[in-house]
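Structure data (CSV, C-alpha atoms) from protein38.csv:
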chain,number,residue,atom,x,y,z
F,1394,MET,CA,40.8,-25.9,102.1
F,1395,GLN,CA,37.6,-25.8,100.0
F,1396,SER,CA,38.0,-27.6,96.6
F,1397,LEU,CA,36.9,-26.2,93.2
F,1398,VAL,CA,34.0,-28.1,91.4
F,1399,SER,CA,32.9,-27.7,87.8
F,1400,CYS,CA,29.9,-29.2,85.8
F,1401,THR,CA,29.3,-30.6,82.4
F,1402,VAL,CA,25.9,-30.9,80.8
F,1403,GLY,CA,25.2,-34.4,79.5
F,1404,ALA,CA,22.1,-36.3,78.4
F,1405,LYS,CA,21.3,-37.1,82.2
F,1406,GLY,CA,21.8,-33.6,83.5
F,1407,PRO,CA,24.7,-31.8,85.0
F,1408,GLU,CA,27.5,-34.0,86.5
F,1409,PRO,CA,29.9,-32.6,89.0
F,1410,ARG,CA,33.6,-33.2,88.5
F,1411,ALA,CA,36.7,-31.9,90.1
F,1412,ALA,CA,38.4,-29.0,88.6
F,1413,GLN,CA,41.9,-29.3,87.3
F,1414,PRO,CA,43.3,-25.8,87.5
F,1415,ASP,CA,46.7,-26.6,86.0
F,1416,LYS,CA,45.3,-28.5,82.9
F,1417,ASP,CA,42.6,-25.8,82.2
F,1418,ALA,CA,45.2,-23.1,82.4
F,1419,ALA,CA,47.4,-24.9,79.9
F,1420,ALA,CA,44.5,-25.4,77.5
F,1421,ALA,CA,43.4,-21.8,77.4
F,1422,PRO,CA,44.7,-20.0,74.1
F,1423,SER,CA,47.1,-17.2,74.5
F,1424,LEU,CA,46.9,-13.8,72.8
F,1425,PHE,CA,49.7,-14.8,70.5
F,1426,GLN,CA,47.6,-17.8,69.2
F,1427,PHE,CA,44.6,-15.5,68.7
F,1428,GLY,CA,46.8,-13.3,66.5
F,1429,LEU,CA,48.0,-16.2,64.4
F,1430,VAL,CA,44.4,-17.3,63.7
F,1431,ASP,CA,43.4,-13.8,62.6
F,1432,ALA,CA,46.4,-13.5,60.4
F,1433,ASP,CA,45.5,-16.8,58.7
F,1434,ARG,CA,42.0,-15.7,58.0
F,1435,ALA,CA,43.2,-12.3,56.6
F,1436,ALA,CA,45.7,-14.1,54.4
F,1437,ARG,CA,43.0,-16.4,53.0
F,1438,ALA,CA,40.6,-13.5,52.4
F,1439,GLY,CA,43.3,-11.5,50.6
F,1440,PHE,CA,44.1,-14.5,48.4
F,1441,VAL,CA,40.5,-14.9,47.4
F,1442,VAL,CA,40.1,-11.2,46.6
F,1443,SER,CA,43.4,-11.2,44.6
F,1444,MET,CA,42.3,-14.2,42.6
F,1445,ALA,CA,38.9,-12.7,41.9
F,1446,PHE,CA,40.6,-9.5,40.8
F,1447,LEU,CA,43.0,-11.4,38.5
F,1448,VAL,CA,40.1,-13.4,36.9
F,1449,ALA,CA,38.0,-10.2,36.4
F,1450,THR,CA,41.0,-8.5,34.8
F,1451,ALA,CA,41.6,-11.4,32.5
F,1452,ILE,CA,37.9,-11.6,31.4
F,1453,TYR,CA,37.9,-7.8,30.8
F,1454,GLY,CA,41.1,-8.1,28.7
F,1455,LEU,CA,39.5,-10.8,26.6
F,1456,TYR,CA,36.4,-8.7,26.2
F,1457,LEU,CA,38.5,-5.8,24.9
F,1458,SER,CA,40.4,-8.0,22.6
F,1459,GLY,CA,37.1,-9.3,21.0
F,1460,VAL,CA,37.8,-12.9,21.7
F,1461,THR,CA,34.9,-13.4,24.1
F,1462,LYS,CA,32.5,-11.6,21.7
F,1463,SER,CA,33.4,-14.0,18.9
F,1464,LEU,CA,32.9,-17.0,21.2
F,1465,PHE,CA,29.5,-15.7,22.4
F,1466,ASP,CA,28.5,-15.0,18.8
F,1467,GLU,CA,29.5,-18.4,17.6
F,1468,ALA,CA,27.5,-20.0,20.5
F,1469,ALA,CA,24.5,-17.8,19.8
F,1470,ASN,CA,24.6,-18.7,16.0
F,1471,PHE,CA,24.9,-22.3,16.8
F,1472,ALA,CA,21.9,-22.2,19.1
F,1473,ASP,CA,19.8,-20.2,16.6
F,1474,LYS,CA,20.7,-22.7,13.8
F,1475,ALA,CA,19.6,-25.6,16.0
F,1476,ALA,CA,16.3,-23.8,16.7
F,1477,TYR,CA,15.8,-23.1,13.0
F,1478,ASP,CA,16.4,-26.8,12.2
F,1479,ALA,CA,14.0,-27.8,14.9
F,1480,GLY,CA,11.1,-26.0,13.2
F,1481,PHE,CA,11.3,-22.5,14.8
F,1482,ARG,CA,11.3,-20.6,11.6
F,1483,LEU,CA,8.9,-18.1,10.0
F,1484,GLU,CA,6.5,-19.8,7.6
F,1485,ASP,CA,3.3,-17.9,8.0
F,1486,LEU,CA,2.8,-14.1,8.0
F,1487,ALA,CA,-0.6,-12.5,8.7
F,1488,VAL,CA,-1.0,-8.7,8.2
F,1489,SER,CA,-4.3,-6.8,8.6
F,1490,GLY,CA,-5.1,-3.1,8.3
F,1491,SER,CA,-2.5,-2.2,5.6
F,1492,ASP,CA,-4.8,-0.7,3.0
F,1493,ASN,CA,-2.5,2.2,1.9
F,1494,THR,CA,0.9,1.2,3.2
F,1495,PRO,CA,3.1,0.0,0.3
F,1496,LYS,CA,3.9,-3.7,0.6
F,1497,GLU,CA,7.6,-3.1,0.0
F,1498,THR,CA,7.8,-0.5,2.8
F,1499,LEU,CA,6.0,-2.8,5.2
F,1500,LEU,CA,8.3,-5.7,4.6
F,1501,LYS,CA,11.3,-3.5,4.9
F,1502,ALA,CA,10.1,-2.3,8.3
F,1503,LEU,CA,9.3,-5.8,9.5
F,1504,GLN,CA,12.8,-7.2,8.6
F,1505,LEU,CA,11.5,-10.8,8.5
F,1506,PRO,CA,13.9,-13.5,9.7
F,1507,PHE,CA,14.1,-15.7,6.6
F,1508,GLU,CA,17.5,-17.2,7.6
F,1509,GLN,CA,17.2,-17.0,11.4
F,1510,SER,CA,14.9,-18.7,13.8
F,1511,SER,CA,11.7,-17.2,15.0
F,1512,LEU,CA,13.0,-17.3,18.5
F,1513,SER,CA,15.6,-14.6,17.8
F,1514,TYR,CA,13.1,-12.2,16.1
F,1515,ASP,CA,12.7,-8.9,18.0
F,1516,ALA,CA,9.0,-8.1,17.8
F,1517,ALA,CA,9.4,-4.9,19.9
F,1518,ALA,CA,12.0,-3.5,17.5
F,1519,ALA,CA,9.7,-4.3,14.6
F,1520,HIS,CA,6.8,-2.5,16.3
F,1521,ASP,CA,9.0,0.6,16.7
F,1522,ARG,CA,10.0,0.5,13.0
F,1523,LEU,CA,6.4,0.3,12.0
F,1524,LEU,CA,5.4,3.3,14.0
F,1525,ALA,CA,8.2,5.3,12.3
F,1526,LEU,CA,6.2,4.9,9.0
F,1527,GLY,CA,4.0,7.9,8.2
F,1528,TRP,CA,0.9,5.8,7.4
F,1529,ILE,CA,1.0,3.7,10.6
F,1530,LYS,CA,-1.0,5.1,13.5
F,1531,SER,CA,-0.7,2.0,15.8
F,1532,ALA,CA,0.7,-1.4,15.4
F,1533,GLU,CA,0.7,-4.8,17.1
F,1534,VAL,CA,3.3,-7.5,16.3
F,1535,ARG,CA,2.8,-10.9,17.8
F,1536,ARG,CA,5.0,-14.0,17.5
F,1537,VAL,CA,3.0,-17.3,17.5
F,1538,LEU,CA,5.6,-19.9,18.0
F,1539,PRO,CA,6.9,-21.9,16.3
F,1540,SER,CA,6.3,-20.4,12.8
F,1541,ARG,CA,3.7,-17.6,12.7
F,1542,LEU,CA,3.9,-13.8,12.8
F,1543,GLU,CA,0.8,-11.7,13.2
F,1544,VAL,CA,0.8,-8.0,12.5
F,1545,VAL,CA,-2.3,-5.8,13.1
F,1546,LEU,CA,-2.1,-2.2,11.8
F,1547,THR,CA,-4.2,1.0,12.1
F,1548,GLU,CA,-3.5,3.6,9.4
F,1549,ARG,CA,-4.0,7.3,9.4
F,1550,GLU,CA,-6.7,8.8,7.2
F,1551,PRO,CA,-5.6,10.6,4.0
F,1552,TYR,CA,-6.8,14.2,3.9
F,1553,ALA,CA,-5.0,16.1,1.1
F,1554,ARG,CA,-2.0,15.9,-1.2
F,1555,TRP,CA,1.1,18.0,-1.0
F,1556,LYS,CA,3.8,18.6,-3.6
F,1557,ASP,CA,7.2,18.8,-1.8
F,1558,ALA,CA,10.2,20.8,-2.9
F,1559,ALA,CA,11.5,17.9,-5.0
F,1560,GLY,CA,8.2,17.8,-6.9
F,1561,VAL,CA,7.0,14.5,-5.3
F,1562,VAL,CA,3.3,14.4,-4.5
F,1563,GLN,CA,2.8,13.2,-0.9
F,1564,VAL,CA,-0.3,12.3,1.0
F,1565,VAL,CA,-1.0,14.2,4.3
F,1566,ASP,CA,-3.5,13.7,7.0
F,1567,ARG,CA,-5.7,16.3,8.7
F,1568,GLU,CA,-3.0,17.3,11.2
F,1569,GLY,CA,-0.5,17.9,8.3
F,1570,ARG,CA,1.5,14.8,8.9
F,1571,VAL,CA,3.2,13.4,5.7
F,1572,LEU,CA,2.0,9.8,5.2
F,1573,GLY,CA,3.8,8.8,2.1
F,1574,PRO,CA,4.0,9.2,-1.7
F,1575,SER,CA,0.7,9.3,-3.6
F,1576,GLU,CA,0.4,6.3,-5.8
F,1577,GLY,CA,-2.4,7.8,-8.0
F,1578,GLN,CA,-5.4,6.6,-6.0
F,1579,PHE,CA,-5.8,10.0,-4.2
F,1580,GLU,CA,-6.5,12.2,-7.2
F,1581,THR,CA,-9.7,13.5,-5.7
F,1582,LEU,CA,-7.9,15.1,-2.8
F,1583,LEU,CA,-7.0,18.7,-3.0
F,1584,LEU,CA,-3.4,19.4,-4.1
F,1585,PHE,CA,-1.2,21.8,-2.1
F,1586,SER,CA,2.3,23.0,-2.5
F,1587,GLY,CA,4.7,25.3,-0.6
F,1588,GLU,CA,6.5,25.1,2.7
F,1589,GLY,CA,4.2,24.9,5.6
F,1590,ALA,CA,1.2,24.0,3.4
F,1591,PRO,CA,0.4,20.6,5.1
F,1592,ALA,CA,-0.2,22.3,8.5
F,1593,GLU,CA,-2.5,24.9,7.0
F,1594,ALA,CA,-4.4,22.6,4.5
F,1595,ALA,CA,-7.2,21.7,6.9
F,1596,ALA,CA,-8.0,25.3,7.7
F,1597,PHE,CA,-8.1,26.2,4.0
F,1598,ILE,CA,-10.3,23.2,3.1
F,1599,GLU,CA,-12.7,23.9,5.9
F,1600,SER,CA,-13.1,27.6,4.8
F,1601,LEU,CA,-14.4,26.2,1.5
F,1602,ALA,CA,-16.8,23.7,3.1
F,1603,ASP,CA,-19.9,25.8,2.1
F,1604,ARG,CA,-18.5,27.0,-1.2
F,1605,GLU,CA,-18.6,23.9,-3.3
F,1606,THR,CA,-18.7,26.0,-6.5
F,1607,ILE,CA,-15.3,27.5,-5.7
F,1608,ARG,CA,-13.9,24.2,-4.2
F,1609,SER,CA,-14.7,22.2,-7.3
F,1610,ARG,CA,-12.7,24.7,-9.5
F,1611,VAL,CA,-9.5,24.7,-7.4
F,1612,ALA,CA,-6.8,22.8,-9.2
F,1613,GLU,CA,-3.9,23.6,-6.8
F,1614,ALA,CA,-3.3,25.8,-3.7
F,1615,SER,CA,0.2,27.0,-3.1
F,1616,PHE,CA,1.3,28.5,0.3
F,1617,VAL,CA,3.6,31.4,-0.6
F,1618,ALA,CA,6.3,32.3,2.0
F,1619,GLU,CA,3.8,31.1,4.7
F,1620,ARG,CA,2.0,34.4,4.2
F,1621,PHE,CA,-0.8,34.0,1.6
F,1622,TRP,CA,-2.4,31.5,-0.7
F,1623,GLN,CA,-1.9,31.4,-4.5
F,1624,VAL,CA,-4.8,29.3,-5.9
F,1625,LYS,CA,-4.9,28.1,-9.4
F,1626,LEU,CA,-8.4,27.5,-10.8
F,1627,ASP,CA,-9.3,25.0,-13.5
F,1628,SER,CA,-9.6,27.9,-16.0
F,1629,GLY,CA,-5.9,28.9,-15.4
F,1630,VAL,CA,-6.8,32.1,-13.5
F,1631,ILE,CA,-4.7,32.6,-10.3
F,1632,LEU,CA,-6.3,33.7,-7.1
F,1633,LYS,CA,-4.3,35.5,-4.4
F,1634,LEU,CA,-6.0,35.0,-1.0
F,1635,PRO,CA,-5.0,35.9,2.5
F,1636,ARG,CA,-3.6,33.2,4.9
F,1637,LYS,CA,-6.9,33.2,6.8
F,1638,VAL,CA,-9.7,33.0,4.2
F,1639,GLY,CA,-12.9,34.4,5.7
F,1640,GLU,CA,-16.5,34.8,4.6
F,1641,LEU,CA,-15.9,38.4,3.4
F,1642,THR,CA,-13.1,37.3,1.1
F,1643,LEU,CA,-15.2,34.4,-0.3
F,1644,SER,CA,-18.2,36.6,-0.9
F,1645,ARG,CA,-16.1,39.0,-2.9
F,1646,LEU,CA,-14.7,36.1,-4.8
F,1647,ASP,CA,-18.2,34.8,-5.6
F,1648,SER,CA,-19.2,38.3,-6.9
F,1649,VAL,CA,-16.1,38.5,-9.1
F,1650,LEU,CA,-16.5,35.0,-10.6
F,1651,ALA,CA,-20.2,35.7,-11.2
F,1652,ASN,CA,-19.6,39.0,-13.0
F,1653,SER,CA,-20.1,38.4,-16.8
F,1654,LYS,CA,-18.0,41.4,-17.7
F,1655,ILE,CA,-15.0,40.1,-15.8
F,1656,ALA,CA,-15.5,36.7,-17.3
F,1657,GLU,CA,-15.0,38.3,-20.7
F,1658,MET,CA,-11.5,39.6,-19.8
F,1659,ALA,CA,-8.4,37.6,-20.4
F,1660,LEU,CA,-7.5,37.7,-16.7
F,1661,ASP,CA,-4.3,36.2,-15.2
F,1662,THR,CA,-4.7,37.0,-11.5
F,1663,ILE,CA,-7.4,38.1,-9.1
F,1664,ASP,CA,-5.9,39.5,-6.0
F,1665,LEU,CA,-8.2,39.6,-2.9
F,1666,ARG,CA,-5.6,39.9,-0.2
F,1667,LEU,CA,-6.6,43.5,0.7
F,1668,THR,CA,-9.8,43.9,2.6
F,1669,HIS,CA,-11.4,46.7,0.5
F,1670,ARG,CA,-9.7,46.4,-2.8
F,1671,THR,CA,-9.8,43.9,-5.7
F,1672,ILE,CA,-6.8,43.9,-8.0
F,1673,LEU,CA,-7.2,42.4,-11.5
F,1674,GLN,CA,-4.2,41.5,-13.6
F,1675,LEU,CA,-4.6,40.8,-17.3
F,1676,ARG,CA,-2.9,37.8,-19.0
F,1677,GLU,CA,-1.5,40.1,-21.7
F,1678,PRO,CA,-1.4,43.7,-20.3
F,1679,THR,CA,-1.3,45.5,-23.6
F,1680,THR,CA,-2.9,49.0,-24.0
F,1681,ALA,CA,-5.7,47.5,-26.1
F,1682,ASN,CA,-6.5,44.9,-23.5
F,1683,ARG,CA,-6.4,47.5,-20.7
F,1684,ASP,CA,-8.8,49.8,-22.6
F,1685,LYS,CA,-11.1,46.9,-23.3
F,1686,ALA,CA,-11.2,45.9,-19.7
F,1687,ILE,CA,-11.8,49.5,-18.5
F,1688,ALA,CA,-14.6,49.8,-21.0
F,1689,LEU,CA,-16.2,46.6,-19.8
F,1690,LEU,CA,-16.0,47.6,-16.2
F,1691,THR,CA,-17.3,51.2,-16.7
F,1692,SER,CA,-20.1,50.4,-19.2
F,1693,SER,CA,-23.6,50.4,-18.0
F,1694,PRO,CA,-25.7,47.3,-18.2
F,1695,ALA,CA,-27.7,46.7,-21.4
F,1696,PRO,CA,-31.3,48.0,-21.1
F,1697,GLN,CA,-33.8,45.3,-20.8
F,1698,THR,CA,-36.5,45.0,-23.5
F,1699,ALA,CA,-39.9,46.1,-22.2
F,1700,LEU,CA,-42.5,43.5,-22.2
F,1701,PRO,CA,-45.7,44.2,-24.4
F,1702,PRO,CA,-48.8,45.2,-22.4
F,1703,ARG,CA,-50.8,42.4,-21.2
F,1704,ARG,CA,-54.3,42.2,-22.6
F,1705,GLY,CA,-57.3,41.3,-20.6
F,1706,LYS,CA,-59.2,42.5,-17.7
F,1707,ALA,CA,-57.1,43.7,-14.9
F,1708,LEU,CA,-57.8,42.0,-11.6
Could you show the structure in this file as structure tokens?
Amino acid sequence: MQSLVSCTVGAKGPEPRAAQPDKDAAAAPSLFQFGLVDADRAARAGFVVSMAFLVATAIYGLYLSGVTKSLFDEAANFADKAAYDAGFRLEDLAVSGSDNTPKETLLKALQLPFEQSSLSYDAAAAHDRLLALGWIKSAEVRRVLPSRLEVVLTEREPYARWKDAAGVVQVVDREGRVLGPSEGQFETLLLFSGEGAPAEAAAFIESLADRETIRSRVAEASFVAERFWQVKLDSGVILKLPRKVGELTLSRLDSVLANSKIAEMALDTIDLRLTHRTILQLREPTTANRDKAIALLTSSPAPQTALPPRRGKAL
């Protein structure tokens, strides 16, 4: 009978040895042993998953109770206090570009960390608060550790003034954006009032660009019901102009203001909203005043005195 031979691989190569069928058969694991091993692994995995679930549940319960939050807050406060004592605190503030933004408004938006360390200061949040201010067009906030904060601002250009519903005079830019309260340094800017006036101010001012005589006499322009302009002149006379002031309307206005007869009337309102009609309203519409106004408008111009004949030889 032929014998069975098996080999093992060693350092010197394969070495033949006689097979031992009975011993190998006894050493081979049975299906029952395989089942026991898999059951142990499943039990260990289940134990680990169960413990992880219990730990997560406990942490979540502590979080809901607020215990962990207070612990984290105490740890964060302790670390921030240590950084403050180590010299990480704001001691130098450099701001550029804030010509018109009030100092109090600027400091309120920055929310400087006087009692916290400079490490905990949120420069991005300060940047967003600055951009929320009407005057600020762009902003850059830089922390220079350990103790310096640099702020570079670009402001919007003031274009006109606007009296809001509460009677507060605000400064607006060319686009009609409200920048902030007027502090008295913008008195040369034209004053507007009425809802929607800031958005229409640029168009109104541009229509008077070539009419400096009229522009210099305007004391206030009110936008009424977002339909027409009611303009108060320096003499107290009220002009009613259409929403879109064109060259034809301004030419008629020049003629009315230059008319010496109309200047003699005690006028209250000059209405030029209709294209082919000018409406004059007296300050005191009594019968005597109306008769005087009609007489002035219908009277012929005074005759000019003839010049004496010129002596000398005609050329």
message: I'd like to know which of F:Val1544, F:Leu1500, F:Ile1687, F:Leu1643 is closest to Leu1673 of chain F, using only C-alpha atoms.
response: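 Between F:Val1544, F:Leu1500, F:Ile1687, F:Leu1643, the residue approaching Leu1673 of chain F most closely is F:Ile1687.
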- prompt: Suppose you want the space between atom CA of Ser1575 of chain F and atom CA of Pro1635 of chain F; what is it in Å?
  reply: 27.9 Å
task: Considering all atoms listed in the file, return as a ChimeraX atom specification whatever protein or nucleic-acid residues lie within 6 Å of Val1562 of chain F, sequence-local ones (same chain, fewer than 6 positions apart) excluded.
output: /F:1555-1556,1574-1575
query: What is the atom CA of Glu1576 of chain F-atom CA of Asp1603 of chain F distance in Å, reported with one decimal?
result: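 Separation of atom CA of Glu1576 of chain F and atom CA of Asp1603 of chain F: 29.2 Å.
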List every protein, DNA or RNA residue with an atom no more than 9 Å from (-4.2, 29.3, -0.9) in the file's coordinates, counting only C-alpha atoms, and format the result as a short mmCIF file (atom, residue, chain, number, x, y, z; two decimals) with C-alpha atoms, in the frame of the given file.
data_model
loop_
_atom_site.label_atom_id
_atom_site.label_comp_id
_atom_site.auth_asym_id
_atom_site.auth_seq_id
_atom_site.Cartn_x
_atom_site.Cartn_y
_atom_site.Cartn_z
CA PHE F 1585 -1.20 21.80 -2.10
CA ALA F 1590 1.20 24.00 3.40
CA ALA F 1594 -4.40 22.60 4.50
CA PHE F 1597 -8.10 26.20 4.00
CA GLU F 1613 -3.90 23.60 -6.80
CA ALA F 1614 -3.30 25.80 -3.70
CA SER F 1615 0.20 27.00 -3.10
CA PHE F 1616 1.30 28.50 0.30
CA VAL F 1617 3.60 31.40 -0.60
CA PHE F 1621 -0.80 34.00 1.60
CA TRP F 1622 -2.40 31.50 -0.70
CA GLN F 1623 -1.90 31.40 -4.50
CA VAL F 1624 -4.80 29.30 -5.90
CA LYS F 1625 -4.90 28.10 -9.40
CA LEU F 1632 -6.30 33.70 -7.10
CA LYS F 1633 -4.30 35.50 -4.40
CA LEU F 1634 -6.00 35.00 -1.00
CA PRO F 1635 -5.00 35.90 2.50
CA ARG F 1636 -3.60 33.20 4.90
CA VAL F 1638 -9.70 33.00 4.20
#
task: For atom CA of Arg1670 of chain F and atom CA of Glu1619 of chain F, quote the distance in Å rounded to one decimal.
output: 21.7 Å
task: Using only C-alpha atoms, pick whichever of F:Tyr1477, F:Leu1499, F:Ala1487, F:Arg1434 has the shortest atom-to-atom distance to Ala1525 of chain F.
output: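 For Ala1525 of chain F, the nearest of the candidates is F:Leu1499.
When only C-alpha atoms are used to measure the gap to Ser1692 of chain F, the shortest distance among F:Ala1612, F:Ala1592, F:Ile1655, F:Val1565 belongs to F:Ile1655.
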- prompt: With all atoms listed in the file as the basis for distance, which of F:Leu1523, F:Ala1595, F:Val1448, F:Ala1438 is at the shortest distance from Thr1498 of chain F?
  reply: F:Leu1523
- request: Return the single residue from F:Ile1598, F:Leu1650, F:Ala1532, F:Ala1553 that is closest to Phe1579 of chain F, with distances computed using only C-alpha atoms.
  value: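 Among the listed residues, F:Ala1553 lies closest to Phe1579 of chain F.
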Phe1507 of chain F surroundings by only C-alpha atoms, 9 Å radius, close-in-sequence under 5 positions cut, as a list in words: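 The contact residues come out as Arg1482, Leu1483 and Glu1484 of chain F.
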query: Using only C-alpha atoms, what residues lie at most 12 Å away from (-5.4, 13.7, 13.4) (file coordinates), given as a ChimeraX atom specification?
result: /F:1528,1530,1548-1552,1565-1572,1592,1595
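Closest approach to Ala1558 of chain F from the set F:Thr1606, F:Ser1586, F:Asn1652, F:Gln1674 is made by F:Ser1586, with distances taken over only C-alpha atoms.
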